[in-house]
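This report refers to the structure that appears directly beneath it.
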Amino acid sequence: MRAWEKNIRRVIPYVPGEQPADASIIKLNTNENPYPPAPGVMAALQTMAADPLRRYPDPAASVLVDAIAEYYGLDAAQVFVGVGSDDVLAMAFLTCFHSDRPILFPDITYSFYDVWAGLFRIPYEVQPLDADFKIRPSDYGKENGGIIFPNPNAPTGIFQPLADVEAILSQNTDVIVIVDEAYIDFGGTSARCLLEKYDNLLIAQTFSKSRSMAGMRIGFLLGSQALIRCISDCKYSFNSYTMNQTAIALGTASIQDRAYFQRCTQKIIETREWAKEKFRSMGFLLTDSRANFVFVTHPAHPAEELFAVLKANGIYVRHFMRPERIRNYLRITIGTKEEMEALFAVLEKYMQKS
């Protein structure tokens with residue numbers, strides 16, 4: 001080891017889904033929205049003047065913050081925005097999980113959580129999901145330094161009812177509880193209704209999934225004014241200009257178009273439910289996903305084999321090698337009806353031959 005290497009921080013990084021350059025690929029591996037952003041987004045882009053781009057953006061992103069607050073019926077002081085939900089969650093980890101006690105999260109979940117814990121030197125313990133891939137609220141009643149879990153979960157897509165969320169909150173009023181709602185717009189009820197009751201609750205959401213803006217990188221947190229202020233203080237001591245002018249303008253235009261948002265999410269929900277029935281008819285086993293993806297396994301065809309077959313036919317899905325318990329599952333993003341039909345055509349042809 002070279003002398004300077006002993007002072008280097010080492011972590012095992014998060015591995016994102018593949019981003020193929022070939023436009024002909026049917027890309028169902030990173031839970032992107034198959035439909036374009038709201039029409040107002042492109043209109044806002046076309047009307048943006050070049051001159052503001054030479055200036056620093058508003059560090060508070062006030063226009064976007066105000067639009068999000070109005071949409072959700074909150075005070076602007078209850079909203080924190082950043083460069084995608086990964087950015088705002090990382091800032092939440094840095095700010096809120098500052099204890100010698102371990103934070104708790106599920107053993108099958110978004111695989112960035114243990115990466116942030118490692119990066120920020122936060123002790124953690126994973127809590128096993130039950131046999132149906134569900135969280136057991138009682139597992140989160142032990143002493144801890146904070147809690148985070150997605151709802152709906154990733155990669156399972158399972159939604160925990162609000163009664164379970166509140167059961168976890170009620171047992172943990174002395175620590176921060178983060179509910180990661182990246183997929184909430186595709187099914188289930190947001191925990192926003194619990195914000196007034198629990199000032200230690202923090203909710204993370206994103207524009208990447210339901211608002212078709214993964215390329216713009218916009219995420220936000222909702223919480224009590226005191227909690228959001230603490231996260232903002234950490235952000236301003238880290239990077240005061242996290243959001244660029246374009247993202248602020250386009251994000252504001254997106255959230256103002258409620259009708260388009262509702263039509264778009266409804267189309268994805270309808271395609272998801274149709275796809276779930278199609279998978280079942282082909283012998284697949286799957287969870288009751290409430291997200292914009294499905295989580296499937298087949299008793300006669302290993303996931304690794306199906307993953308390779310689909311990829312060879314220009315269809316990318318996600319296969320996780322760990323943990324072992326989900327190694328025989330595929331996570332498949334809900335695309336357009338045509339994209340899903342192409343996927344089923346490949347699967348049917350292969351399964352009939354083998």
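Ordering of the structure tokens sets the chain letters (A, B, ...), residue numbers begin anew at 1 in every chain, and ligands are numbered from 1 in the order given.
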Which residues are close to Asp114 in chain A, i.e. within 12 Å by only C-alpha atoms, leaving aside same-chain residues fewer than 2 positions away? Reply as a PyMOL selection string.
chain A and resi 11-14+90+93+102-112+116-126+148-149
For those residues, write C-alpha atoms to a file as a tab-separated table (two decimals), in the first residue's frame.
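To be explicit, this is the file written out as out37.tsv:
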```tsv
chain	number	residue	atom	x	y	z
A	11	VAL	CA	-16.61	2.39	0.22
A	12	ILE	CA	-18.42	-0.20	-1.88
A	13	PRO	CA	-20.35	2.01	-4.34
A	14	TYR	CA	-23.94	1.72	-5.51
A	90	ALA	CA	-27.83	11.54	1.23
A	93	PHE	CA	-28.48	10.67	6.19
A	102	PRO	CA	-27.41	1.76	14.43
A	103	ILE	CA	-30.00	2.94	11.95
A	104	LEU	CA	-32.50	0.32	10.79
A	105	PHE	CA	-33.74	-0.54	7.30
A	106	PRO	CA	-35.03	-3.68	5.54
A	107	ASP	CA	-32.68	-6.38	4.29
A	108	ILE	CA	-34.29	-6.24	0.83
A	109	THR	CA	-34.56	-2.59	-0.11
A	110	TYR	CA	-33.00	0.24	-2.10
A	111	SER	CA	-29.33	-0.72	-2.19
A	112	PHE	CA	-28.06	2.84	-1.77
A	116	TRP	CA	-24.60	6.04	2.38
A	117	ALA	CA	-24.24	4.41	5.80
A	118	GLY	CA	-20.76	3.25	4.81
A	119	LEU	CA	-19.79	6.59	3.31
A	120	PHE	CA	-20.87	8.61	6.35
A	121	ARG	CA	-19.67	5.98	8.87
A	122	ILE	CA	-23.19	5.38	10.19
A	123	PRO	CA	-23.71	2.05	11.98
A	124	TYR	CA	-26.69	0.09	10.67
A	125	GLU	CA	-28.65	-3.13	11.08
A	126	VAL	CA	-30.92	-4.67	8.45
A	148	ILE	CA	-35.48	4.48	6.72
A	149	PHE	CA	-37.60	2.34	4.39
```
Each range 26-143 of chain A residue no farther than 9 Å from range 177-183 of chain A, nearest pair in Å, only C-alpha atoms, as a tab-separated table:
```
residue	atom	partner	partner_atom	distance
A:Ser85	CA	A:Ala182	CA	7.7
A:Leu89	CA	A:Asp180	CA	8.4
A:Ala92	CA	A:Ile178	CA	8.5
```
Preceding selection exported with C-alpha atoms as a PDB file, in the first residue's frame:
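Result file is again_38.pdb:
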```
ATOM      1  CA  SER A  85     -33.941  11.884  -4.369  1.00  0.00           C
ATOM      2  CA  LEU A  89     -31.611  11.333   0.946  1.00  0.00           C
ATOM      3  CA  ALA A  92     -30.861  13.488   5.209  1.00  0.00           C
TER       4      ALA A  92
END
```
Pick out the residues sitting within 9 Å of Ile269 in chain A, and hand them over as a PDB file with C-alpha atoms, in the first residue's frame; count only C-alpha atoms, and ignore anything fewer than 6 positions along from it in its own chain.
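To be explicit, this is the file written out as around_17.pdb:
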```
ATOM      1  CA  PHE A 186     -48.318   4.566  -8.629  1.00  0.00           C
ATOM      2  CA  GLY A 187     -50.310   3.150  -5.717  1.00  0.00           C
ATOM      3  CA  ARG A 290     -47.822  -0.781  -6.346  1.00  0.00           C
ATOM      4  CA  ALA A 291     -44.864   0.804  -8.135  1.00  0.00           C
ATOM      5  CA  ASN A 292     -44.022   1.386 -11.809  1.00  0.00           C
ATOM      6  CA  ILE A 334     -43.532  -0.926 -16.759  1.00  0.00           C
TER       7      ILE A 334
END
```
Would you please give, as a VMD selection string, all residues of range 88-306 of chain A that DSSP assigns to alpha helix (DSSP H) based on the backbone?
chain A and resid 88 to 96 113 to 119 162 to 170 225 to 236 245 to 255 258 to 281 303 to 306
Can you write out the residues you just picked, keeping C-alpha atoms, as an mmCIF file, in the first residue's frame?
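Output (result_25.cif):
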```cif
data_model
loop_
_atom_site.group_PDB
_atom_site.id
_atom_site.type_symbol
_atom_site.label_atom_id
_atom_site.label_comp_id
_atom_site.auth_asym_id
_atom_site.auth_seq_id
_atom_site.Cartn_x
_atom_site.Cartn_y
_atom_site.Cartn_z
ATOM 1 C CA VAL A 88 -31.751 14.754 -0.730
ATOM 2 C CA LEU A 89 -31.611 11.333 0.946
ATOM 3 C CA ALA A 90 -27.834 11.537 1.235
ATOM 4 C CA MET A 91 -28.233 14.947 2.868
ATOM 5 C CA ALA A 92 -30.861 13.488 5.209
ATOM 6 C CA PHE A 93 -28.477 10.667 6.193
ATOM 7 C CA LEU A 94 -25.703 13.180 6.841
ATOM 8 C CA THR A 95 -27.952 15.428 8.925
ATOM 9 C CA CYS A 96 -30.289 13.080 10.760
ATOM 10 C CA TYR A 113 -28.934 2.878 1.952
ATOM 11 C CA ASP A 114 -25.982 0.770 3.059
ATOM 12 C CA VAL A 115 -23.723 2.727 0.689
ATOM 13 C CA TRP A 116 -24.595 6.036 2.384
ATOM 14 C CA ALA A 117 -24.236 4.413 5.796
ATOM 15 C CA GLY A 118 -20.759 3.253 4.814
ATOM 16 C CA LEU A 119 -19.793 6.595 3.306
ATOM 17 C CA LEU A 162 -50.281 3.679 6.738
ATOM 18 C CA ALA A 163 -51.157 1.821 9.931
ATOM 19 C CA ASP A 164 -47.787 0.043 9.659
ATOM 20 C CA VAL A 165 -45.977 3.323 8.991
ATOM 21 C CA GLU A 166 -47.598 4.919 12.029
ATOM 22 C CA ALA A 167 -46.808 1.868 14.154
ATOM 23 C CA ILE A 168 -43.130 2.390 13.365
ATOM 24 C CA LEU A 169 -43.365 6.132 14.023
ATOM 25 C CA SER A 170 -45.165 5.729 17.327
ATOM 26 C CA GLN A 225 -40.096 23.188 9.644
ATOM 27 C CA ALA A 226 -37.503 22.479 12.359
ATOM 28 C CA LEU A 227 -36.289 19.315 10.635
ATOM 29 C CA ILE A 228 -36.130 20.882 7.170
ATOM 30 C CA ARG A 229 -34.206 23.827 8.606
ATOM 31 C CA CYS A 230 -31.565 21.463 10.041
ATOM 32 C CA ILE A 231 -31.156 19.715 6.677
ATOM 33 C CA SER A 232 -30.932 23.080 4.886
ATOM 34 C CA ASP A 233 -28.201 24.207 7.283
ATOM 35 C CA CYS A 234 -26.145 21.122 6.416
ATOM 36 C CA LYS A 235 -26.785 21.646 2.716
ATOM 37 C CA TYR A 236 -25.575 25.254 2.831
ATOM 38 C CA GLN A 245 -31.671 27.256 -13.262
ATOM 39 C CA THR A 246 -33.106 24.849 -15.834
ATOM 40 C CA ALA A 247 -34.113 22.173 -13.321
ATOM 41 C CA ILE A 248 -35.850 24.767 -11.150
ATOM 42 C CA ALA A 249 -37.843 26.169 -14.073
ATOM 43 C CA LEU A 250 -38.787 22.824 -15.609
ATOM 44 C CA GLY A 251 -39.629 21.218 -12.281
ATOM 45 C CA THR A 252 -41.981 24.093 -11.494
ATOM 46 C CA ALA A 253 -43.725 23.694 -14.854
ATOM 47 C CA SER A 254 -44.098 19.961 -14.282
ATOM 48 C CA ILE A 255 -45.738 20.112 -10.889
ATOM 49 C CA ARG A 258 -51.904 18.122 -12.376
ATOM 50 C CA ALA A 259 -54.114 16.789 -15.169
ATOM 51 C CA TYR A 260 -51.221 15.475 -17.274
ATOM 52 C CA PHE A 261 -49.591 13.924 -14.216
ATOM 53 C CA GLN A 262 -52.780 12.053 -13.323
ATOM 54 C CA ARG A 263 -53.328 10.796 -16.887
ATOM 55 C CA CYS A 264 -49.748 9.608 -17.181
ATOM 56 C CA THR A 265 -49.641 7.736 -13.871
ATOM 57 C CA GLN A 266 -53.033 6.158 -14.576
ATOM 58 C CA LYS A 267 -51.767 4.786 -17.903
ATOM 59 C CA ILE A 268 -48.813 3.185 -16.145
ATOM 60 C CA ILE A 269 -51.035 1.714 -13.432
ATOM 61 C CA GLU A 270 -53.370 0.208 -16.056
ATOM 62 C CA THR A 271 -50.462 -1.282 -18.006
ATOM 63 C CA ARG A 272 -48.963 -2.656 -14.790
ATOM 64 C CA GLU A 273 -52.167 -4.427 -13.790
ATOM 65 C CA TRP A 274 -52.543 -5.883 -17.301
ATOM 66 C CA ALA A 275 -48.902 -7.027 -17.237
ATOM 67 C CA LYS A 276 -49.330 -8.677 -13.824
ATOM 68 C CA GLU A 277 -52.158 -10.829 -15.180
ATOM 69 C CA LYS A 278 -50.102 -11.664 -18.273
ATOM 70 C CA PHE A 279 -47.148 -12.775 -16.145
ATOM 71 C CA ARG A 280 -49.421 -14.951 -14.007
ATOM 72 C CA SER A 281 -50.907 -16.591 -17.098
ATOM 73 C CA ALA A 303 -33.987 -15.358 -13.567
ATOM 74 C CA GLU A 304 -30.379 -15.198 -14.724
ATOM 75 C CA GLU A 305 -31.321 -17.202 -17.811
ATOM 76 C CA LEU A 306 -34.341 -15.009 -18.641
#
```
For Ala44 in chain A, which of A:Tyr241, A:Gln256, A:Ser208, A:Asn172 is the closest residue, counting only C-alpha atoms?
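Of all the options, A:Gln256 lies closest to Ala44 in chain A.
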For range 197-202 of chain A, please output as a PDB file with C-alpha atoms, in the first residue's frame all residues within 6 Å (counting only C-alpha atoms; exclusion window: fewer than 2 positions along the same chain).
```
ATOM      1  CA  ILE A 176     -35.838  10.480  12.643  1.00  0.00           C
ATOM      2  CA  VAL A 177     -37.958   8.136  10.545  1.00  0.00           C
ATOM      3  CA  ILE A 178     -37.562   8.555   6.770  1.00  0.00           C
ATOM      4  CA  LEU A 194     -48.859  12.027   9.367  1.00  0.00           C
ATOM      5  CA  LEU A 195     -46.547  15.046   9.149  1.00  0.00           C
ATOM      6  CA  LEU A 222     -41.200  16.996   3.211  1.00  0.00           C
ATOM      7  CA  GLY A 223     -41.047  17.383   6.977  1.00  0.00           C
ATOM      8  CA  SER A 224     -41.491  19.673   9.948  1.00  0.00           C
TER       9      SER A 224
END
```
Rank A:Glu5, A:Asp66, A:Asp100, A:Glu32 by their smallest atom-to-atom distance to Ile332 in chain A, using only C-alpha atoms, and report the top residue only.
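Once distances to Ile332 in chain A are computed over only C-alpha atoms, the minimum belongs to A:Glu32.
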Would you list, as a compact mmCIF listing (two decimals) with C-alpha atoms, in the first residue's frame, the residues of range 126-253 of chain A that end up in strand (DSSP E or B) under DSSP run on this structure's backbone?
```
# COMPACT_ATOMS: atom_id res chain seq x y z
CA VAL A 126 -30.92 -4.67 8.45
CA GLN A 127 -34.28 -6.09 9.47
CA ILE A 147 -35.07 4.39 10.49
CA ILE A 148 -35.48 4.48 6.72
CA PHE A 149 -37.60 2.34 4.39
CA PRO A 150 -39.18 2.79 0.96
CA VAL A 177 -37.96 8.14 10.54
CA ILE A 178 -37.56 8.55 6.77
CA VAL A 179 -40.20 7.15 4.42
CA ASP A 180 -38.81 6.99 0.89
CA LEU A 201 -41.12 12.16 10.12
CA LEU A 202 -39.29 12.91 6.88
CA ILE A 203 -40.72 11.98 3.47
CA ALA A 204 -38.63 11.74 0.30
CA GLN A 205 -40.10 11.94 -3.20
CA THR A 206 -38.77 12.43 -6.72
CA GLY A 219 -35.89 15.27 -5.59
CA PHE A 220 -37.46 16.72 -2.47
CA LEU A 221 -38.08 16.15 1.22
CA LEU A 222 -41.20 17.00 3.21
CA GLY A 223 -41.05 17.38 6.98
```
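Using only C-alpha atoms, the shortest contact distance between Pro52 in chain A and any of A:Asn29, A:Asn244, A:Thr333, A:Ser190 is found at A:Asn244.
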So which one's closest to Ala300 in chain A, A:Asn153, A:Thr336, A:Gln19, A:Gln352? Using only C-alpha atoms, please.
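Closest to Ala300 in chain A, using only C-alpha atoms: A:Gln352.
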What's the 12 Å shell around Ala345 in chain A, counting only C-alpha atoms, without same-chain residues fewer than 2 positions away, as a list in words?
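Counting only the stated atoms, we get Lys278, Phe279, Met282, Val309, Leu310, Asn313, Ile315, Glu338, Glu339, Met340, Glu341, Ala342, Leu343, Leu347, Glu348, Lys349, Tyr350, Met351 and Gln352 of chain A.
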Dump of C-alpha atoms for the selected residues, as a tab-separated table (two decimals), in the first residue's frame:
```tsv
chain	number	residue	atom	x	y	z
A	278	LYS	CA	-50.10	-11.66	-18.27
A	279	PHE	CA	-47.15	-12.77	-16.15
A	282	MET	CA	-47.36	-17.55	-18.14
A	309	VAL	CA	-32.39	-14.03	-23.16
A	310	LEU	CA	-34.14	-10.67	-22.92
A	313	ASN	CA	-33.15	-9.63	-27.81
A	315	ILE	CA	-34.71	-5.76	-23.86
A	338	GLU	CA	-46.16	-1.92	-26.99
A	339	GLU	CA	-42.88	-2.35	-25.09
A	340	MET	CA	-44.47	-4.80	-22.67
A	341	GLU	CA	-45.99	-6.77	-25.56
A	342	ALA	CA	-42.52	-7.03	-27.11
A	343	LEU	CA	-41.15	-8.34	-23.81
A	347	LEU	CA	-40.49	-14.61	-23.19
A	348	GLU	CA	-43.26	-16.70	-24.79
A	349	LYS	CA	-41.07	-17.71	-27.73
A	350	TYR	CA	-38.21	-18.72	-25.46
A	351	MET	CA	-40.36	-20.58	-22.93
A	352	GLN	CA	-42.14	-22.55	-25.65
```
Separation of CA of Ala69 in chain A from CA of Glu196 in chain A, in Å and rounded to one decimal:
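Atom-to-atom, CA of Ala69 in chain A to CA of Glu196 in chain A, that is 14.3 Å.
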Pick out the closest residue to Ile25 in chain A from this set: A:Asp257, A:Val317, A:Ser237, A:Ala154. Count only C-alpha atoms.
A:Val317
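With CA of Ser210 in chain A on one side and CA of Pro37 in chain A on the other, the separation reads 9.2 Å.
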